[in-house]
$ cat target-v5.cif   # mmCIF, C-alpha atoms and all ligand atoms
data_upload
#
loop_
_atom_site.group_PDB
_atom_site.id
_atom_site.type_symbol
_atom_site.label_atom_id
_atom_site.label_comp_id
_atom_site.auth_asym_id
_atom_site.auth_seq_id
_atom_site.Cartn_x
_atom_site.Cartn_y
_atom_site.Cartn_z
ATOM 1 C CA MET A 9 14.388 8.163 17.683
ATOM 2 C CA LYS A 10 10.708 7.565 18.487
ATOM 3 C CA LEU A 11 7.577 8.255 16.498
ATOM 4 C CA LEU A 12 4.355 8.475 18.457
ATOM 5 C CA GLY A 13 1.032 8.040 16.695
ATOM 6 C CA ARG A 14 -1.487 5.505 15.500
ATOM 7 C CA THR A 15 -0.799 3.880 12.141
ATOM 8 C CA THR A 16 -4.348 4.589 10.953
ATOM 9 C CA SER A 17 -3.637 8.347 10.982
ATOM 10 C CA PHE A 18 -2.520 9.483 7.552
ATOM 11 C CA ASN A 19 -0.539 12.320 9.167
ATOM 12 C CA VAL A 20 1.426 9.666 11.044
ATOM 13 C CA GLN A 21 1.761 7.614 7.849
ATOM 14 C CA LYS A 22 3.522 10.458 6.034
ATOM 15 C CA VAL A 23 6.239 10.455 8.682
ATOM 16 C CA LEU A 24 6.548 6.665 8.812
ATOM 17 C CA TRP A 25 6.936 6.631 5.028
ATOM 18 C CA LEU A 26 9.697 9.259 5.144
ATOM 19 C CA LEU A 27 11.525 7.408 7.937
ATOM 20 C CA GLU A 28 11.610 4.367 5.636
ATOM 21 C CA GLU A 29 12.772 6.411 2.635
ATOM 22 C CA LEU A 30 15.611 7.917 4.693
ATOM 23 C CA ASP A 31 16.478 4.509 6.145
ATOM 24 C CA ILE A 32 16.423 5.827 9.707
ATOM 25 C CA SER A 33 16.033 3.374 12.553
ATOM 26 C CA TYR A 34 13.262 4.321 14.917
ATOM 27 C CA GLU A 35 10.799 2.984 17.415
ATOM 28 C CA HIS A 36 7.127 3.363 16.584
ATOM 29 C CA ILE A 37 4.649 3.712 19.426
ATOM 30 C CA GLU A 38 0.909 3.472 18.703
ATOM 31 C CA LEU A 39 -0.863 6.363 20.435
ATOM 32 C CA GLY A 40 -4.121 8.227 19.987
ATOM 33 C CA GLY A 41 -7.386 6.805 18.653
ATOM 34 C CA ARG A 42 -8.259 3.523 20.335
ATOM 35 C CA PHE A 43 -4.823 3.517 21.999
ATOM 36 C CA GLY A 44 -5.590 6.809 23.810
ATOM 37 C CA GLY A 45 -2.885 8.617 25.775
ATOM 38 C CA LEU A 46 -3.207 12.094 24.228
ATOM 39 C CA ASP A 47 -4.721 13.635 27.378
ATOM 40 C CA GLU A 48 -1.953 12.374 29.645
ATOM 41 C CA GLN A 49 0.203 15.105 31.209
ATOM 42 C CA GLU A 50 3.320 13.350 29.962
ATOM 43 C CA PHE A 51 2.052 13.548 26.374
ATOM 44 C CA ILE A 52 0.817 17.149 26.689
ATOM 45 C CA LYS A 53 4.359 18.136 27.663
ATOM 46 C CA LEU A 54 5.492 16.698 24.327
ATOM 47 C CA ASN A 55 2.645 18.202 22.306
ATOM 48 C CA PRO A 56 0.365 20.839 23.846
ATOM 49 C CA ILE A 57 -2.183 20.490 21.015
ATOM 50 C CA LYS A 58 -2.719 16.821 22.016
ATOM 51 C CA LYS A 59 -2.419 15.361 18.527
ATOM 52 C CA VAL A 60 -0.274 12.820 16.737
ATOM 53 C CA PRO A 61 2.240 12.491 15.151
ATOM 54 C CA VAL A 62 4.992 13.513 17.559
ATOM 55 C CA LEU A 63 8.648 12.791 16.881
ATOM 56 C CA ILE A 64 11.147 12.448 19.708
ATOM 57 C CA ASP A 65 14.755 12.879 18.654
ATOM 58 C CA ASP A 66 17.127 12.702 21.649
ATOM 59 C CA ASP A 67 15.707 15.304 24.039
ATOM 60 C CA LYS A 68 13.743 17.157 21.354
ATOM 61 C CA SER A 69 10.022 16.808 20.728
ATOM 62 C CA ILE A 70 8.646 17.873 17.327
ATOM 63 C CA TRP A 71 4.953 18.025 16.366
ATOM 64 C CA GLU A 72 2.883 18.924 13.263
ATOM 65 C CA SER A 73 3.417 16.331 10.546
ATOM 66 C CA HIS A 74 4.819 18.688 7.902
ATOM 67 C CA THR A 75 7.186 20.278 10.409
ATOM 68 C CA ILE A 76 8.387 16.790 11.347
ATOM 69 C CA LEU A 77 8.950 15.961 7.665
ATOM 70 C CA ARG A 78 10.999 19.122 7.139
ATOM 71 C CA TYR A 79 12.965 18.454 10.324
ATOM 72 C CA LEU A 80 13.812 14.893 9.279
ATOM 73 C CA ALA A 81 14.688 15.846 5.715
ATOM 74 C CA ALA A 82 16.894 18.753 6.849
ATOM 75 C CA SER A 83 18.597 16.720 9.579
ATOM 76 C CA TYR A 84 18.997 13.327 7.942
ATOM 77 C CA GLY A 85 18.290 13.698 4.224
ATOM 78 C CA THR A 86 20.576 14.630 1.361
ATOM 79 C CA GLU A 87 20.423 18.074 -0.301
ATOM 80 C CA ASN A 88 17.849 16.526 -2.643
ATOM 81 C CA TRP A 89 15.412 16.085 0.219
ATOM 82 C CA TYR A 90 15.664 19.587 1.678
ATOM 83 C CA SER A 91 17.790 22.006 -0.258
ATOM 84 C CA THR A 92 19.831 24.760 1.382
ATOM 85 C CA CYS A 93 18.783 26.968 -1.573
ATOM 86 C CA PRO A 94 15.593 28.827 -0.548
ATOM 87 C CA TYR A 95 14.124 28.703 -4.057
ATOM 88 C CA GLN A 96 14.784 24.970 -4.480
ATOM 89 C CA ARG A 97 13.238 24.402 -1.081
ATOM 90 C CA SER A 98 10.180 26.413 -2.061
ATOM 91 C CA LEU A 99 9.493 23.917 -4.857
ATOM 92 C CA SER A 100 8.470 21.306 -2.322
ATOM 93 C CA ASP A 101 7.356 23.673 0.459
ATOM 94 C CA ARG A 102 4.605 25.076 -1.740
ATOM 95 C CA TRP A 103 3.094 21.581 -2.175
ATOM 96 C CA LEU A 104 3.337 20.925 1.570
ATOM 97 C CA ASP A 105 1.432 24.121 2.302
ATOM 98 C CA TRP A 106 -1.048 23.644 -0.522
ATOM 99 C CA SER A 107 -1.721 20.074 0.457
ATOM 100 C CA GLN A 108 -2.365 20.980 4.068
ATOM 101 C CA THR A 109 -4.566 23.982 3.342
ATOM 102 C CA VAL A 110 -6.384 22.962 0.131
ATOM 103 C CA PHE A 111 -6.073 19.295 -0.891
ATOM 104 C CA GLN A 112 -6.287 17.723 2.575
ATOM 105 C CA PRO A 113 -9.366 19.709 3.669
ATOM 106 C CA ALA A 114 -11.126 18.657 0.438
ATOM 107 C CA PHE A 115 -10.203 15.028 1.045
ATOM 108 C CA MET A 116 -11.132 15.258 4.755
ATOM 109 C CA GLY A 117 -14.554 16.565 3.730
ATOM 110 C CA THR A 118 -15.131 13.321 1.809
ATOM 111 C CA PHE A 119 -13.569 11.097 4.454
ATOM 112 C CA TRP A 120 -15.391 12.527 7.464
ATOM 113 C CA GLY A 121 -18.593 13.082 5.482
ATOM 114 C CA PHE A 122 -18.669 9.607 3.941
ATOM 115 C CA TYR A 123 -16.342 6.993 5.377
ATOM 116 C CA ARG A 124 -16.397 8.092 9.011
ATOM 117 C CA LYS A 125 -20.148 8.741 9.142
ATOM 118 C CA PRO A 126 -22.685 6.047 9.881
ATOM 119 C CA GLU A 127 -24.662 5.543 6.646
ATOM 120 C CA ASN A 128 -27.888 7.097 7.984
ATOM 121 C CA LYS A 129 -26.072 10.317 8.906
ATOM 122 C CA ARG A 130 -24.329 10.938 5.579
ATOM 123 C CA ASP A 131 -25.044 14.128 3.655
ATOM 124 C CA MET A 132 -24.129 12.978 0.160
ATOM 125 C CA GLU A 133 -24.713 16.387 -1.409
ATOM 126 C CA ALA A 134 -22.007 17.845 0.818
ATOM 127 C CA VAL A 135 -19.727 14.878 0.079
ATOM 128 C CA ASP A 136 -20.223 15.449 -3.662
ATOM 129 C CA GLN A 137 -19.208 19.089 -3.243
ATOM 130 C CA TYR A 138 -15.983 17.977 -1.574
ATOM 131 C CA LEU A 139 -15.440 15.477 -4.390
ATOM 132 C CA VAL A 140 -15.661 18.334 -6.891
ATOM 133 C CA SER A 141 -12.931 20.138 -4.927
ATOM 134 C CA CYS A 142 -10.836 16.944 -4.917
ATOM 135 C CA THR A 143 -11.198 16.627 -8.697
ATOM 136 C CA HIS A 144 -10.057 20.224 -9.077
ATOM 137 C CA CYS A 145 -7.001 19.430 -6.899
ATOM 138 C CA LEU A 146 -6.236 16.256 -8.879
ATOM 139 C CA ASN A 147 -6.205 18.306 -12.078
ATOM 140 C CA ILE A 148 -3.734 20.748 -10.539
ATOM 141 C CA ILE A 149 -1.498 17.830 -9.512
ATOM 142 C CA ASN A 150 -1.873 16.346 -12.989
ATOM 143 C CA ASN A 151 -0.758 19.595 -14.646
ATOM 144 C CA GLN A 152 2.465 19.442 -12.670
ATOM 145 C CA LEU A 153 2.988 15.745 -13.393
ATOM 146 C CA MET A 154 2.665 16.420 -17.134
ATOM 147 C CA LYS A 155 5.912 18.382 -16.748
ATOM 148 C CA SER A 156 7.874 16.189 -14.335
ATOM 149 C CA GLU A 157 7.887 12.574 -13.195
ATOM 150 C CA TYR A 158 7.524 13.578 -9.537
ATOM 151 C CA LEU A 159 6.013 16.773 -8.165
ATOM 152 C CA THR A 160 9.280 18.667 -7.893
ATOM 153 C CA GLY A 161 11.342 16.944 -10.581
ATOM 154 C CA LYS A 162 13.006 13.632 -11.299
ATOM 155 C CA SER A 163 12.962 12.143 -7.821
ATOM 156 C CA LEU A 164 10.642 11.652 -4.889
ATOM 157 C CA SER A 165 10.414 14.615 -2.521
ATOM 158 C CA LEU A 166 8.427 15.674 0.545
ATOM 159 C CA ALA A 167 5.846 17.026 -1.896
ATOM 160 C CA ASP A 168 5.112 13.522 -3.216
ATOM 161 C CA ILE A 169 4.926 12.176 0.319
ATOM 162 C CA VAL A 170 2.280 14.588 1.567
ATOM 163 C CA VAL A 171 0.151 14.532 -1.583
ATOM 164 C CA GLY A 172 0.650 10.790 -2.161
ATOM 165 C CA ALA A 173 -0.404 9.924 1.382
ATOM 166 C CA VAL A 174 -3.842 11.424 0.713
ATOM 167 C CA LEU A 175 -4.323 9.601 -2.567
ATOM 168 C CA TYR A 176 -4.595 6.052 -1.252
ATOM 169 C CA ARG A 177 -7.454 6.831 1.082
ATOM 170 C CA LEU A 178 -9.204 9.134 -1.336
ATOM 171 C CA THR A 179 -9.335 6.349 -3.929
ATOM 172 C CA THR A 180 -10.066 3.356 -1.682
ATOM 173 C CA GLN A 181 -12.758 4.599 0.694
ATOM 174 C CA GLY A 182 -15.610 3.529 -1.610
ATOM 175 C CA LEU A 183 -16.306 6.715 -3.577
ATOM 176 C CA ALA A 184 -15.816 6.876 -7.347
ATOM 177 C CA VAL A 185 -12.707 8.945 -8.028
ATOM 178 C CA LYS A 186 -11.181 8.946 -11.491
ATOM 179 C CA LEU A 187 -7.501 9.786 -11.531
ATOM 180 C CA PRO A 188 -6.194 11.852 -14.441
ATOM 181 C CA ASP A 189 -3.598 9.939 -16.537
ATOM 182 C CA CYS A 190 -0.379 11.403 -15.134
ATOM 183 C CA VAL A 191 -1.646 11.170 -11.563
ATOM 184 C CA ASN A 192 -2.492 7.535 -12.208
ATOM 185 C CA THR A 193 1.009 6.744 -13.518
ATOM 186 C CA TRP A 194 2.594 8.582 -10.580
ATOM 187 C CA TYR A 195 0.326 6.765 -8.108
ATOM 188 C CA LYS A 196 1.387 3.428 -9.616
ATOM 189 C CA ASN A 197 5.029 4.435 -9.116
ATOM 190 C CA LEU A 198 4.402 5.393 -5.494
ATOM 191 C CA SER A 199 2.677 2.047 -4.973
ATOM 192 C CA LYS A 200 5.947 0.273 -5.781
ATOM 193 C CA ARG A 201 7.809 1.930 -2.912
ATOM 194 C CA PRO A 202 8.142 -0.288 0.176
ATOM 195 C CA GLY A 203 7.491 2.588 2.615
ATOM 196 C CA TYR A 204 4.285 3.523 0.784
ATOM 197 C CA VAL A 205 3.036 -0.058 0.659
ATOM 198 C CA LYS A 206 3.881 -0.753 4.287
ATOM 199 C CA TRP A 207 2.492 2.382 5.894
ATOM 200 C CA VAL A 208 0.129 4.203 3.542
ATOM 201 C CA MET A 209 -1.540 1.276 1.789
ATOM 202 C CA SER A 210 -2.599 -0.154 5.113
ATOM 203 C CA ASP A 211 -5.886 -1.208 6.619
ATOM 204 C CA PHE A 212 -8.056 1.641 7.918
ATOM 205 C CA THR A 213 -11.377 -0.198 8.241
ATOM 206 C CA GLU A 214 -11.472 0.418 12.006
ATOM 207 C CA LEU A 215 -12.305 4.038 11.108
ATOM 208 C CA ARG A 216 -15.459 3.166 9.138
ATOM 209 C CA GLY A 217 -18.501 4.937 10.607
ATOM 210 C CA ARG A 218 -16.339 6.132 13.500
ATOM 211 C CA GLU A 219 -16.842 9.765 14.484
ATOM 212 C CA ASP A 220 -15.074 9.837 17.824
ATOM 213 C CA PHE A 221 -11.387 10.385 16.979
HETATM 214 N N1 LIG B 1 -2.031 19.395 11.534
HETATM 215 C C1 LIG B 1 -1.719 18.256 12.370
HETATM 216 C C2 LIG B 1 -2.950 17.406 12.518
HETATM 217 C C3 LIG B 1 -2.770 16.384 13.623
HETATM 218 C C4 LIG B 1 -4.048 15.588 13.819
HETATM 219 O O1 LIG B 1 -5.171 16.105 13.641
HETATM 220 N N2 LIG B 1 -3.862 14.343 14.203
HETATM 221 C C5 LIG B 1 -5.004 13.474 14.431
HETATM 222 C C6 LIG B 1 -4.777 12.145 13.686
HETATM 223 S S1 LIG B 1 -4.687 12.434 11.928
HETATM 224 C C7 LIG B 1 -5.144 13.148 15.902
HETATM 225 O O2 LIG B 1 -4.207 13.228 16.673
HETATM 226 N N3 LIG B 1 -6.380 12.790 16.296
HETATM 227 C C8 LIG B 1 -6.665 12.347 17.622
HETATM 228 C C9 LIG B 1 -6.499 10.879 17.804
HETATM 229 O O3 LIG B 1 -6.006 10.193 16.895
HETATM 230 O O4 LIG B 1 -6.847 10.386 18.892
HETATM 231 C C10 LIG B 1 -0.562 17.467 11.711
HETATM 232 O O5 LIG B 1 -0.426 17.542 10.493
HETATM 233 O O6 LIG B 1 0.197 16.815 12.451
#
$ encode --input "target-v5.cif" --output "structure tokens" --more "lines below"
Ligand SMILES: N[C@@H](CCC(=O)N[C@@H](CS)C(=O)NCC(=O)O)C(=O)O
Amino acid sequence: MKLLGRTTSFNVQKVLWLLEELDISYEHIELGGRFGGLDEQEFIKLNPIKKVPVLIDDDKSIWESHTILRYLAASYGTENWYSTCPYQRSLSDRWLDWSQTVFQPAFMGTFWGFYRKPENKRDMEAVDQYLVSCTHCLNIINNQLMKSEYLTGKSLSLADIVVGAVLYRLTTQGLAVKLPDCVNTWYKNLSKRPGYVKWVMSDFTELRGREDF
């Protein structure tokens, strides 16, 4: 199995983290960003939208990070990771969809507006608006974590992976973000997992002030 994509991409990190959790052996190939390669015909055949991550499993190519996560969990995880029961599965699917359509865009607004902008080009009023949206999202996550240790129950699921991957960057990019109590406890638990430490809690300083990829 091969995973293509630069380590500094948090969409790639989600997949790397899951590969570690599932104890799958794989080859990781840095691609995109300063490594380039996304406009090559060979890559476009694998992913017509020219983005990373891309997973290659035998002769199959899979793209879109959340689709890759579902594919890996369904193919190589236990029932816990991707249930055959549609309702059980919806418990994590809803967080995957919500994270991609609500939480991530709020975070990306702060990241692209603040961290990836040269200081003289920052619009801090816009960044603050995105921070308000992030706070709203953190409260929603907190409400769930008041009821269960992880987002879908007693153990880590894809839901924790996609939401947790955002949290590290949101809280370490240099903006003041106060985590609600249960989110804070959950974040500390995630920070003890080797896959999280190795892939998500990794250096992203090469992206500072960088608007080009
Ligand atoms: N919705 C896609 C987003 C993919 C995406 O935008 N990937 C970015 C990195 S996070 C990318 O390929 N950027 C171009 C580059 O890194 O050169 C997913 O979740 O996989």
$ closest_atom_pairs --input "target-v5.cif" --of "chain A" --to "ligand LIG 1 (chain B)" --cutoff "6 Å" --atoms "all atoms listed in the file" --output "Markdown table"
| residue | atom | partner | partner_atom | distance |
| --- | --- | --- | --- | --- |
| A:Ser17 | CA | B:LIG1 | S1 | 4.3 |
| A:Phe18 | CA | B:LIG1 | S1 | 5.7 |
| A:Asn19 | CA | B:LIG1 | S1 | 5.0 |
| A:Gly40 | CA | B:LIG1 | O4 | 3.6 |
| A:Gly41 | CA | B:LIG1 | O4 | 3.6 |
| A:Lys59 | CA | B:LIG1 | O2 | 3.3 |
| A:Val60 | CA | B:LIG1 | O2 | 4.0 |
| A:Pro61 | CA | B:LIG1 | O6 | 5.5 |
| A:Glu72 | CA | B:LIG1 | O6 | 3.5 |
| A:Ser73 | CA | B:LIG1 | O6 | 3.8 |
| A:His74 | CA | B:LIG1 | O5 | 6.0 |
| A:Phe221 | CA | B:LIG1 | O4 | 4.9 |
$ closest_atom_pairs --input "target-v5.cif" --of "stretch 154-174 of chain A" --to "stretch 203-212 of chain A" --cutoff "10 Å" --atoms "only C-alpha atoms" --output "CSV"
residue,atom,partner,partner_atom,distance
A:Ile169,CA,A:Tyr204,CA,8.7
A:Gly172,CA,A:Tyr204,CA,8.6
A:Ala173,CA,A:Val208,CA,6.1
A:Val174,CA,A:Val208,CA,8.7
$ closest_residue --input "target-v5.cif" --among "A:Trp71, A:Tyr84, A:Trp106, A:Phe43" --to "A:Leu26" --atoms "only C-alpha atoms"
A:Tyr84
$ closest_residue --input "target-v5.cif" --among "A:Val140, A:Tyr79, A:Leu198, A:Arg177" --to "A:Thr213" --atoms "all atoms listed in the file"
A:Arg177
$ resolve_selection --input "target-v5.cif" --expression "the PyMOL selection byres (((chain A and resi 104) around 8) and not hetatm)" --output "PDB file with C-alpha atoms, in the coordinates of the input"
ATOM      1  CA  HIS A  74       4.819  18.688   7.902  1.00  0.00           C
ATOM      2  CA  SER A 100       8.470  21.306  -2.322  1.00  0.00           C
ATOM      3  CA  ASP A 101       7.356  23.673   0.459  1.00  0.00           C
ATOM      4  CA  ARG A 102       4.605  25.076  -1.740  1.00  0.00           C
ATOM      5  CA  TRP A 103       3.094  21.581  -2.175  1.00  0.00           C
ATOM      6  CA  ASP A 105       1.432  24.121   2.302  1.00  0.00           C
ATOM      7  CA  TRP A 106      -1.048  23.644  -0.522  1.00  0.00           C
ATOM      8  CA  SER A 107      -1.721  20.074   0.457  1.00  0.00           C
ATOM      9  CA  GLN A 108      -2.365  20.980   4.068  1.00  0.00           C
ATOM     10  CA  LEU A 166       8.427  15.674   0.545  1.00  0.00           C
ATOM     11  CA  ALA A 167       5.846  17.026  -1.896  1.00  0.00           C
ATOM     12  CA  VAL A 170       2.280  14.588   1.567  1.00  0.00           C
ATOM     13  CA  VAL A 171       0.151  14.532  -1.583  1.00  0.00           C
TER      14      VAL A 171
END
